[in-house]
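Chemist: This one is query-v4.pdb, PDB, C-alpha atoms and all ligand atoms.
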```pdb
ATOM      1  CA  MET A   1      71.481-152.251  68.703
ATOM      2  CA  ASN A   2      68.135-153.870  68.027
ATOM      3  CA  TRP A   3      67.666-157.123  69.954
ATOM      4  CA  ARG A   4      65.397-159.514  68.116
ATOM      5  CA  LYS A   5      63.619-162.591  69.385
ATOM      6  CA  GLY A   6      63.709-166.004  67.738
ATOM      7  CA  ILE A   7      63.480-169.716  68.348
ATOM      8  CA  VAL A   8      66.331-172.174  67.707
ATOM      9  CA  ILE A   9      65.164-174.623  65.062
ATOM     10  CA  ARG A  10      68.423-176.392  64.127
ATOM     11  CA  PHE A  11      72.058-176.902  65.037
ATOM     12  CA  HIS A  12      75.168-176.987  62.895
ATOM     13  CA  SER A  13      78.694-177.527  64.094
ATOM     14  CA  ASN A  14      79.236-173.991  65.278
ATOM     15  CA  THR A  15      76.104-172.048  64.499
ATOM     16  CA  LEU A  16      72.409-172.300  65.208
ATOM     17  CA  THR A  17      69.562-171.619  62.861
ATOM     18  CA  VAL A  18      67.205-169.189  64.543
ATOM     19  CA  ARG A  19      63.782-168.391  63.177
ATOM     20  CA  ASP A  20      62.811-164.811  63.846
ATOM     21  CA  LEU A  21      59.464-164.749  65.641
ATOM     22  CA  GLU A  22      58.324-161.572  63.908
ATOM     23  CA  THR A  23      59.529-162.004  60.330
ATOM     24  CA  ASN A  24      59.552-165.835  60.193
ATOM     25  CA  ILE A  25      62.920-165.625  58.439
ATOM     26  CA  ASN A  26      65.706-168.064  59.327
ATOM     27  CA  ILE A  27      69.085-166.656  60.251
ATOM     28  CA  GLU A  28      72.316-168.413  61.181
ATOM     29  CA  CYS A  29      73.598-167.227  64.550
ATOM     30  CA  TYR A  30      76.930-167.553  66.326
ATOM     31  CA  LEU A  31      77.103-168.433  69.949
ATOM     32  CA  PRO A  32      79.717-166.216  71.654
ATOM     33  CA  GLY A  33      82.329-167.932  73.784
ATOM     34  CA  LYS A  34      81.004-166.515  77.028
ATOM     35  CA  PHE A  35      78.078-168.967  76.887
ATOM     36  CA  LYS A  36      80.492-171.872  76.583
ATOM     37  CA  LEU A  37      82.531-170.551  79.498
ATOM     38  CA  GLN A  38      79.344-170.452  81.576
ATOM     39  CA  LYS A  39      78.565-173.961  80.300
ATOM     40  CA  ILE A  40      75.277-172.710  78.867
ATOM     41  CA  ARG A  41      74.319-174.572  75.758
ATOM     42  CA  PRO A  42      71.158-173.741  73.876
ATOM     43  CA  ILE A  43      69.051-176.575  72.483
ATOM     44  CA  VAL A  44      66.439-176.758  69.763
ATOM     45  CA  GLY A  45      63.278-175.046  70.954
ATOM     46  CA  ASP A  46      65.097-172.422  73.001
ATOM     47  CA  TYR A  47      63.830-168.884  72.678
ATOM     48  CA  VAL A  48      66.785-166.554  72.181
ATOM     49  CA  GLU A  49      67.519-162.874  71.762
ATOM     50  CA  TYR A  50      70.001-162.035  69.053
ATOM     51  CA  VAL A  51      71.367-159.072  67.129
ATOM     52  CA  VAL A  52      72.455-158.632  63.543
ATOM     53  CA  GLU A  53      75.288-156.161  63.241
ATOM     54  CA  LYS A  54      75.378-153.772  60.299
ATOM     55  CA  ASN A  55      76.554-155.408  57.050
ATOM     56  CA  HIS A  56      76.552-158.900  58.564
ATOM     57  CA  GLU A  57      74.477-161.800  57.347
ATOM     58  CA  PHE A  58      74.968-163.682  60.594
ATOM     59  CA  GLY A  59      73.397-163.004  63.944
ATOM     60  CA  VAL A  60      74.978-163.160  67.368
ATOM     61  CA  ILE A  61      73.138-164.751  70.293
ATOM     62  CA  LYS A  62      72.820-162.341  73.212
ATOM     63  CA  ASN A  63      70.548-164.162  75.596
ATOM     64  CA  ILE A  64      68.875-167.537  76.045
ATOM     65  CA  LEU A  65      65.490-167.191  77.701
ATOM     66  CA  PRO A  66      64.438-169.512  80.547
ATOM     67  CA  ARG A  67      62.967-172.853  79.437
ATOM     68  CA  LYS A  68      59.438-173.803  80.329
ATOM     69  CA  ASN A  69      60.369-177.478  79.975
ATOM     70  CA  GLU A  70      62.998-179.735  78.448
ATOM     71  CA  LEU A  71      62.591-183.171  76.910
ATOM     72  CA  TYR A  72      65.555-185.490  76.603
ATOM     73  CA  ARG A  73      64.705-187.848  73.779
ATOM     74  CA  PRO A  74      64.644-186.019  71.471
ATOM     75  CA  LYS A  75      66.435-183.146  73.164
ATOM     76  CA  VAL A  76      64.148-180.181  72.751
ATOM     77  CA  ALA A  77      62.968-177.278  74.895
ATOM     78  CA  ASN A  78      59.653-175.492  75.334
ATOM     79  CA  VAL A  79      57.343-178.131  73.916
ATOM     80  CA  ASP A  80      53.757-176.933  74.251
ATOM     81  CA  GLN A  81      51.961-180.188  73.530
ATOM     82  CA  VAL A  82      52.219-183.796  72.475
ATOM     83  CA  ILE A  83      50.208-185.048  69.538
ATOM     84  CA  LEU A  84      49.686-188.727  70.224
ATOM     85  CA  VAL A  85      48.922-190.435  66.919
ATOM     86  CA  THR A  86      47.396-193.875  67.001
ATOM     87  CA  SER A  87      45.429-196.225  64.787
ATOM     88  CA  LEU A  88      43.092-199.126  65.500
ATOM     89  CA  LYS A  89      44.027-201.034  62.356
ATOM     90  CA  GLU A  90      47.275-201.386  60.357
ATOM     91  CA  PRO A  91      48.771-201.318  62.922
ATOM     92  CA  LYS A  92      46.296-202.356  65.575
ATOM     93  CA  VAL A  93      47.473-200.353  68.557
ATOM     94  CA  ASP A  94      46.227-201.712  71.833
ATOM     95  CA  TYR A  95      44.995-199.558  74.661
ATOM     96  CA  ILE A  96      47.917-200.527  76.885
ATOM     97  CA  ILE A  97      50.310-198.865  74.490
ATOM     98  CA  VAL A  98      48.142-195.758  74.319
ATOM     99  CA  ASP A  99      48.036-195.655  78.110
ATOM    100  CA  LYS A 100      51.807-196.034  78.397
ATOM    101  CA  PHE A 101      52.289-193.063  76.082
ATOM    102  CA  LEU A 102      49.802-191.118  78.190
ATOM    103  CA  VAL A 103      51.679-191.998  81.393
ATOM    104  CA  LEU A 104      54.868-190.547  79.903
ATOM    105  CA  VAL A 105      53.079-187.417  78.744
ATOM    106  CA  GLU A 106      51.406-186.909  82.131
ATOM    107  CA  LYS A 107      54.741-187.419  83.867
ATOM    108  CA  GLU A 108      56.175-184.542  81.826
ATOM    109  CA  GLN A 109      53.047-182.493  82.547
ATOM    110  CA  LEU A 110      52.502-181.799  78.883
ATOM    111  CA  ASP A 111      49.206-181.140  77.159
ATOM    112  CA  VAL A 112      48.166-183.941  74.864
ATOM    113  CA  VAL A 113      45.802-184.267  71.928
ATOM    114  CA  ILE A 114      45.082-187.764  70.613
ATOM    115  CA  ILE A 115      44.750-188.223  66.869
ATOM    116  CA  LEU A 116      42.893-191.388  65.954
ATOM    117  CA  ASN A 117      44.315-191.939  62.488
ATOM    118  CA  LYS A 118      43.451-194.195  59.532
ATOM    119  CA  ILE A 119      39.738-194.199  60.290
ATOM    120  CA  ASP A 120      39.111-194.884  56.578
ATOM    121  CA  LEU A 121      40.134-198.477  57.378
ATOM    122  CA  LEU A 122      37.362-198.891  59.944
ATOM    123  CA  THR A 123      34.515-200.034  57.716
ATOM    124  CA  SER A 124      32.792-203.049  59.265
ATOM    125  CA  SER A 125      30.217-202.498  61.971
ATOM    126  CA  GLU A 126      32.563-204.158  64.444
ATOM    127  CA  GLU A 127      35.386-201.767  63.532
ATOM    128  CA  LYS A 128      33.053-198.792  63.783
ATOM    129  CA  LYS A 129      32.121-199.993  67.251
ATOM    130  CA  ASP A 130      35.838-200.240  68.136
ATOM    131  CA  MET A 131      36.211-196.602  67.143
ATOM    132  CA  GLN A 132      33.195-195.589  69.228
ATOM    133  CA  ASP A 133      34.601-197.508  72.204
ATOM    134  CA  PHE A 134      37.919-195.707  71.808
ATOM    135  CA  LEU A 135      36.161-192.336  71.764
ATOM    136  CA  ASN A 136      34.033-193.263  74.770
ATOM    137  CA  ILE A 137      37.123-194.151  76.796
ATOM    138  CA  TYR A 138      39.510-191.361  75.858
ATOM    139  CA  ASN A 139      37.392-188.389  74.847
ATOM    140  CA  PRO A 140      36.257-187.642  78.421
ATOM    141  CA  LEU A 141      39.942-187.472  79.424
ATOM    142  CA  TYR A 142      41.747-185.872  76.489
ATOM    143  CA  PRO A 143      40.708-184.279  73.204
ATOM    144  CA  VAL A 144      40.475-187.017  70.562
ATOM    145  CA  ILE A 145      40.378-186.110  66.870
ATOM    146  CA  PRO A 146      39.608-188.849  64.322
ATOM    147  CA  THR A 147      41.165-188.409  60.894
ATOM    148  CA  SER A 148      42.648-190.147  57.876
ATOM    149  CA  LYS A 149      44.712-189.129  54.894
ATOM    150  CA  ILE A 150      42.082-190.695  52.634
ATOM    151  CA  THR A 151      38.980-189.016  54.020
ATOM    152  CA  LYS A 152      40.760-185.931  55.413
ATOM    153  CA  ASP A 153      38.374-185.599  58.362
ATOM    154  CA  ASN A 154      39.007-182.720  60.762
ATOM    155  CA  ILE A 155      42.179-181.398  59.144
ATOM    156  CA  GLN A 156      41.115-177.825  59.769
ATOM    157  CA  LEU A 157      40.654-178.645  63.434
ATOM    158  CA  ILE A 158      44.083-180.309  63.635
ATOM    159  CA  LYS A 159      45.688-177.255  62.033
ATOM    160  CA  GLU A 160      44.082-175.078  64.684
ATOM    161  CA  VAL A 161      45.488-177.362  67.382
ATOM    162  CA  LEU A 162      49.017-177.081  65.957
ATOM    163  CA  LYS A 163      48.906-173.416  65.003
ATOM    164  CA  ASP A 164      51.426-171.196  66.782
ATOM    165  CA  ARG A 165      52.505-173.914  69.198
ATOM    166  CA  VAL A 166      55.521-176.220  69.436
ATOM    167  CA  SER A 167      54.303-179.806  69.163
ATOM    168  CA  THR A 168      56.005-183.140  69.320
ATOM    169  CA  LEU A 169      54.419-186.181  67.766
ATOM    170  CA  ALA A 170      54.341-189.519  69.505
ATOM    171  CA  GLY A 171      53.041-192.863  68.355
ATOM    172  CA  LEU A 172      54.122-196.287  67.203
ATOM    173  CA  SER A 173      55.834-196.812  63.892
ATOM    174  CA  GLY A 174      53.394-196.984  60.978
ATOM    175  CA  VAL A 175      50.450-195.175  62.544
ATOM    176  CA  GLY A 176      50.831-192.417  59.948
ATOM    177  CA  LYS A 177      52.689-189.581  61.679
ATOM    178  CA  THR A 178      54.623-188.594  58.549
ATOM    179  CA  SER A 179      51.594-188.861  56.296
ATOM    180  CA  LEU A 180      49.626-186.709  58.710
ATOM    181  CA  LEU A 181      52.228-183.940  58.636
ATOM    182  CA  ASN A 182      52.385-184.048  54.841
ATOM    183  CA  MET A 183      48.610-183.816  54.669
ATOM    184  CA  LEU A 184      48.573-180.791  56.983
ATOM    185  CA  ASP A 185      51.435-179.013  55.237
ATOM    186  CA  PRO A 186      52.377-180.467  51.834
ATOM    187  CA  ASP A 187      55.358-178.065  51.684
ATOM    188  CA  LEU A 188      57.102-180.210  54.302
ATOM    189  CA  LYS A 189      57.512-182.956  51.666
ATOM    190  CA  LEU A 190      58.593-185.487  54.260
ATOM    191  CA  ARG A 191      59.430-188.936  53.004
ATOM    192  CA  GLU A 192      57.534-191.646  54.809
ATOM    193  CA  GLY A 193      59.729-192.805  57.634
ATOM    194  CA  ASP A 194      61.515-189.450  57.736
ATOM    195  CA  ILE A 195      60.485-188.531  61.216
ATOM    196  CA  SER A 196      61.334-191.823  62.848
ATOM    197  CA  PRO A 197      64.513-192.563  64.692
ATOM    198  CA  LYS A 198      66.495-194.957  62.516
ATOM    199  CA  LEU A 199      68.961-195.916  65.136
ATOM    200  CA  GLY A 200      72.553-196.386  64.174
ATOM    201  CA  ARG A 201      72.451-195.020  60.674
ATOM    202  CA  GLY A 202      71.553-192.101  58.470
ATOM    203  CA  ARG A 203      70.657-188.684  59.744
ATOM    204  CA  HIS A 204      69.217-190.014  62.964
ATOM    205  CA  THR A 205      72.566-191.180  64.316
ATOM    206  CA  THR A 206      72.557-187.764  65.932
ATOM    207  CA  THR A 207      70.281-187.124  68.862
ATOM    208  CA  PHE A 208      69.638-183.540  67.811
ATOM    209  CA  ALA A 209      66.140-182.808  66.789
ATOM    210  CA  GLN A 210      65.003-180.036  64.491
ATOM    211  CA  LEU A 211      61.887-177.941  64.513
ATOM    212  CA  LEU A 212      59.921-177.972  61.293
ATOM    213  CA  PRO A 213      58.020-174.717  60.730
ATOM    214  CA  LEU A 214      54.419-175.249  59.610
ATOM    215  CA  LYS A 215      53.181-172.901  56.929
ATOM    216  CA  PHE A 216      50.016-172.083  58.888
ATOM    217  CA  GLY A 217      52.067-171.240  62.020
ATOM    218  CA  GLY A 218      53.721-173.291  64.732
ATOM    219  CA  PHE A 219      56.419-175.964  64.743
ATOM    220  CA  VAL A 220      56.667-179.719  65.005
ATOM    221  CA  VAL A 221      59.692-181.643  66.240
ATOM    222  CA  ASP A 222      61.048-183.825  63.418
ATOM    223  CA  THR A 223      61.690-186.840  65.644
ATOM    224  CA  PRO A 224      58.855-188.522  67.536
ATOM    225  CA  GLY A 225      58.962-188.291  71.311
ATOM    226  CA  PHE A 226      58.448-191.028  73.881
ATOM    227  CA  ALA A 227      59.373-193.700  71.352
ATOM    228  CA  ASP A 228      60.863-195.774  74.141
ATOM    229  CA  LEU A 229      57.882-197.127  76.054
ATOM    230  CA  THR A 230      59.767-198.909  78.827
ATOM    231  CA  LEU A 231      58.754-196.240  81.391
ATOM    232  CA  LEU A 232      62.321-196.052  82.707
ATOM    233  CA  GLY A 233      62.782-193.709  85.592
ATOM    234  CA  ILE A 234      59.165-193.962  86.712
ATOM    235  CA  ASP A 235      58.349-195.594  90.019
ATOM    236  CA  LYS A 236      55.394-198.006  90.137
ATOM    237  CA  ASP A 237      53.802-196.012  92.952
ATOM    238  CA  GLU A 238      53.888-192.883  90.827
ATOM    239  CA  ILE A 239      51.812-194.320  88.003
ATOM    240  CA  LYS A 240      48.463-193.744  89.691
ATOM    241  CA  LEU A 241      49.193-190.009  89.565
ATOM    242  CA  TYR A 242      49.278-190.214  85.780
ATOM    243  CA  PHE A 243      45.739-191.561  85.495
ATOM    244  CA  PRO A 244      43.983-188.238  86.060
ATOM    245  CA  GLU A 245      40.520-189.804  86.391
ATOM    246  CA  PHE A 246      41.660-191.616  89.579
ATOM    247  CA  LEU A 247      42.559-188.421  91.396
ATOM    248  CA  PRO A 248      39.060-187.358  92.557
ATOM    249  CA  TYR A 249      38.603-190.740  94.311
ATOM    250  CA  GLN A 250      41.959-191.598  95.821
ATOM    251  CA  SER A 251      41.528-189.606  99.028
ATOM    252  CA  TYR A 252      38.542-191.847  99.885
ATOM    253  CA  CYS A 253      40.544-195.081  99.820
ATOM    254  CA  SER A 254      40.941-196.731 103.236
ATOM    255  CA  PHE A 255      44.691-196.882 102.901
ATOM    256  CA  SER A 256      46.277-193.502 102.429
ATOM    257  CA  ASN A 257      48.966-194.926 100.157
ATOM    258  CA  CYS A 258      46.522-197.222  98.329
ATOM    259  CA  SER A 259      47.905-198.578  95.078
ATOM    260  CA  HIS A 260      44.322-199.278  93.895
ATOM    261  CA  VAL A 261      45.519-202.750  92.903
ATOM    262  CA  TYR A 262      45.526-205.041  95.959
ATOM    263  CA  GLU A 263      43.953-203.114  98.832
ATOM    264  CA  PRO A 264      40.383-203.561 100.061
ATOM    265  CA  GLU A 265      37.976-200.624 100.447
ATOM    266  CA  CYS A 266      39.491-198.843  97.490
ATOM    267  CA  ALA A 267      37.488-195.891  96.215
ATOM    268  CA  VAL A 268      39.061-196.127  92.761
ATOM    269  CA  LYS A 269      37.928-199.759  92.421
ATOM    270  CA  GLU A 270      34.443-198.749  93.563
ATOM    271  CA  ALA A 271      34.361-196.008  90.940
ATOM    272  CA  VAL A 272      35.296-198.618  88.335
ATOM    273  CA  GLU A 273      32.482-200.886  89.504
ATOM    274  CA  GLU A 274      30.026-198.001  89.338
ATOM    275  CA  GLY A 275      31.158-197.259  85.787
ATOM    276  CA  LYS A 276      32.614-193.855  86.704
ATOM    277  CA  ILE A 277      36.102-194.927  85.632
ATOM    278  CA  SER A 278      36.651-196.965  82.483
ATOM    279  CA  TYR A 279      37.252-200.602  83.304
ATOM    280  CA  ILE A 280      39.728-200.879  80.423
ATOM    281  CA  ARG A 281      41.781-197.958  81.694
ATOM    282  CA  TYR A 282      41.765-199.353  85.214
ATOM    283  CA  ASN A 283      42.753-202.787  83.962
ATOM    284  CA  ASN A 284      45.613-201.287  81.949
ATOM    285  CA  TYR A 285      46.729-199.444  85.045
ATOM    286  CA  CYS A 286      46.914-202.762  86.926
ATOM    287  CA  VAL A 287      48.829-204.387  84.064
ATOM    288  CA  ILE A 288      51.355-201.536  83.948
ATOM    289  CA  TYR A 289      51.672-201.528  87.743
ATOM    290  CA  LYS A 290      52.318-205.264  87.902
ATOM    291  CA  GLU A 291      54.732-205.088  84.988
ATOM    292  CA  MET A 292      56.766-202.556  86.917
ATOM    293  CA  GLU A 293      56.631-204.573  90.094
ATOM    294  CA  GLN A 294      58.750-207.261  88.450
TER
HETATM  295  N1  LIG A 301      44.610-196.285  54.849
HETATM  296  C1  LIG A 301      45.419-195.358  55.382
HETATM  297  N2  LIG A 301      46.752-195.522  55.313
HETATM  298  C2  LIG A 301      47.543-194.554  55.851
HETATM  299  C3  LIG A 301      47.000-193.408  56.466
HETATM  300  N3  LIG A 301      48.009-192.642  56.913
HETATM  301  C4  LIG A 301      49.152-193.296  56.587
HETATM  302  N4  LIG A 301      48.883-194.454  55.942
HETATM  303  C5  LIG A 301      49.856-195.437  55.457
HETATM  304  O1  LIG A 301      50.472-196.049  56.581
HETATM  305  C6  LIG A 301      51.854-196.309  56.316
HETATM  306  C7  LIG A 301      52.727-195.679  57.370
HETATM  307  O2  LIG A 301      52.591-194.271  57.303
HETATM  308  P1  LIG A 301      53.709-193.272  57.835
HETATM  309  O3  LIG A 301      53.168-191.890  57.660
HETATM  310  O4  LIG A 301      55.028-193.586  57.259
HETATM  311  O5  LIG A 301      53.716-193.684  59.377
HETATM  312  P2  LIG A 301      54.703-193.159  60.522
HETATM  313  O6  LIG A 301      53.916-193.110  61.783
HETATM  314  O7  LIG A 301      55.369-191.894  60.126
HETATM  315  O8  LIG A 301      55.700-194.368  60.585
HETATM  316  P3  LIG A 301      57.228-194.323  61.056
HETATM  317  O9  LIG A 301      57.916-193.381  60.135
HETATM  318  O10 LIG A 301      57.697-195.738  60.930
HETATM  319  O11 LIG A 301      57.198-193.851  62.483
HETATM  320  C8  LIG A 301      52.129-195.781  54.901
HETATM  321  O12 LIG A 301      52.029-196.853  54.012
HETATM  322  C9  LIG A 301      50.985-194.802  54.680
HETATM  323  O13 LIG A 301      50.630-194.647  53.330
HETATM  324  C10 LIG A 301      45.564-193.274  56.509
HETATM  325  O14 LIG A 301      44.995-192.301  57.010
HETATM  326  N5  LIG A 301      44.839-194.274  55.952
HETATM  327 ZN    ZN A 302      42.563-197.220  96.168
END
```
Can I see the file as structure tokens?
Ligand SMILES: Nc1nc2c(ncn2[C@@H]2O[C@H](COP(=O)(O)OP(=O)(O)OP(=O)(O)O)[C@@H](O)[C@H]2O)c(=O)[nH]1
Ligand SMILES: [Zn+2]
Modeler:
Amino acid sequence: MNWRKGIVIRFHSNTLTVRDLETNINIECYLPGKFKLQKIRPIVGDYVEYVVEKNHEFGVIKNILPRKNELYRPKVANVDQVILVTSLKEPKVDYIIVDKFLVLVEKEQLDVVIILNKIDLLTSSEEKKDMQDFLNIYNPLYPVIPTSKITKDNIQLIKEVLKDRVSTLAGLSGVGKTSLLNMLDPDLKLREGDISPKLGRGRHTTTFAQLLPLKFGGFVVDTPGFADLTLLGIDKDEIKLYFPEFLPYQSYCSFSNCSHVYEPECAVKEAVEEGKISYIRYNNYCVIYKEMEQ
């Protein structure tokens, strides 16, 4: 029998919705009992092999392929990248919050693209300078794409970033994640607020995520990732590893386990003084480090 390959996009009580990778058609699949006996449970994002027996509308899962990664909140496998959406106005998102998201993303070793959204609101010369400052700080480290649902800057570029990959959005409430997805693929018809966890009520009482297929190819997770910014489970001494621009300097610090906060003769601090590392990023690192010390 012909084994086909698909990706799990949704769960029901006893079946999974699998999207065939060749035909892009959704099919409900049963999970045979042997998987349960082996305590193997597929999750959204899993690549599976399945068969459709003659005269059946349902598929049967035959194999769950190894995961490249697994995120816990929301629970989803094989995420290719994080799209970190942020704005500088309405809401004003400060750099510390951006850096905390980036720490979480780096910890998971995921690729990240930053979308600087709502740039239509940045009209005064001071606000335009804020945007330039943001680009100067983050663009050397990660791709940053400015956009807005009003001006529609760079939407073709964003589509190319999302195409044929599994992406999860991250970003504070109100930065425009839902609006962005609707702008990219109007067929999604998401209601504003749809992709946010509304804890304790409605459809988000479940922790199961879904994958939303994009009409130009690729998937996005319907629930934003890394919404909880408390950095639980991360040790303060680990954080320096998640500021990639520190890494070229750290072996030149006098103390081999230098935190780059208190020690003298610190090569990271020198790089900050010489303007090779952004002072704002370094300062945020110190704030996050000291926050975790308490
Ligand atoms: N001016 C402007 N407003 C925008 C833009 N994008 C979204 N908005 C508005 O910002 C508000 C929040 O947008 P949403 O798309 O719901 O934001 P979200 O990130 O999905 O928010 P949550 O669902 O709470 O996580 C809405 O009133 C949108 O109309 C933009 O590019 N420019
Ligand atoms: Zn140091």
Chemist: Please provide as a PDB file with C-alpha atoms, in the frame of the given file all residues within 7 Å of Asn78 (chain A), with the sequence filter that same-chain residues fewer than 4 positions apart are discarded (counting all atoms listed in the file).
Modeler:
```
ATOM      1  CA  GLY A  45      63.278-175.046  70.954  1.00  0.00           C
ATOM      2  CA  ASP A  46      65.097-172.422  73.001  1.00  0.00           C
ATOM      3  CA  ARG A  67      62.967-172.853  79.437  1.00  0.00           C
ATOM      4  CA  LYS A  68      59.438-173.803  80.329  1.00  0.00           C
ATOM      5  CA  ASN A  69      60.369-177.478  79.975  1.00  0.00           C
ATOM      6  CA  GLU A  70      62.998-179.735  78.448  1.00  0.00           C
TER       7      GLU A  70
END
```
Chemist: Counting only C-alpha atoms and all ligand atoms, what residues are within 7 Å of ligand ZN 302 (chain A), given as a VMD selection string?
Modeler: chain A and resid 250 253 258 to 260 263 266 to 269
Chemist: Of the candidates A:Glu90, A:Asp187, A:Glu291, A:Glu28, which shows the shortest atom-to-atom distance to ligand LIG 301 (chain A), using all atoms listed in the file?
Modeler: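 Closest residue, counting all atoms listed in the file: A:Glu90.
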Chemist: Kindly work out which residues sit at most 7 Å from ligand LIG 301 (chain A), using all atoms listed in the file, and give the list as a PyMOL selection string.
Modeler: chain A and resi 117-121+147-150+171-180+192-196
Chemist: The PyMOL selection byres (((chain A and resi 97) around 12) and not hetatm) - which residues does that actually catch in the file I just gave you? List them as a ChimeraX atom specification.
Modeler: /A:84-88,91-96,98-104,170-172,226-231,281,284-285,287-288
Chemist: Would you mind putting back N, CA and C atoms on region 40-51 of chain A, then writing it out as a compact mmCIF listing (two decimals), in the coordinates of the input?
Modeler:
```
# COMPACT_ATOMS: atom_id res chain seq x y z
N ILE A 40 76.67 -172.83 79.30
CA ILE A 40 75.28 -172.71 78.87
C ILE A 40 75.22 -173.11 77.40
N ARG A 41 74.41 -174.10 77.12
CA ARG A 41 74.32 -174.57 75.76
C ARG A 41 72.85 -174.55 75.33
N PRO A 42 72.55 -173.76 74.32
CA PRO A 42 71.16 -173.74 73.88
C PRO A 42 70.79 -175.07 73.22
N ILE A 43 69.52 -175.40 73.21
CA ILE A 43 69.05 -176.58 72.48
C ILE A 43 67.90 -176.15 71.57
N VAL A 44 67.56 -177.05 70.67
CA VAL A 44 66.44 -176.76 69.76
C VAL A 44 65.18 -176.48 70.60
N GLY A 45 64.47 -175.44 70.21
CA GLY A 45 63.28 -175.05 70.95
C GLY A 45 63.53 -173.88 71.90
N ASP A 46 64.81 -173.56 72.13
CA ASP A 46 65.10 -172.42 73.00
C ASP A 46 64.68 -171.11 72.33
N TYR A 47 64.08 -170.25 73.14
CA TYR A 47 63.83 -168.88 72.68
C TYR A 47 65.07 -168.07 72.99
N VAL A 48 65.55 -167.32 72.01
CA VAL A 48 66.78 -166.55 72.18
C VAL A 48 66.57 -165.11 71.75
N GLU A 49 67.43 -164.24 72.27
CA GLU A 49 67.52 -162.87 71.76
C GLU A 49 68.83 -162.77 71.00
N TYR A 50 68.80 -162.12 69.87
CA TYR A 50 70.00 -162.04 69.05
C TYR A 50 70.05 -160.67 68.37
N VAL A 51 71.24 -160.33 67.88
CA VAL A 51 71.37 -159.07 67.13
C VAL A 51 72.04 -159.38 65.79
```
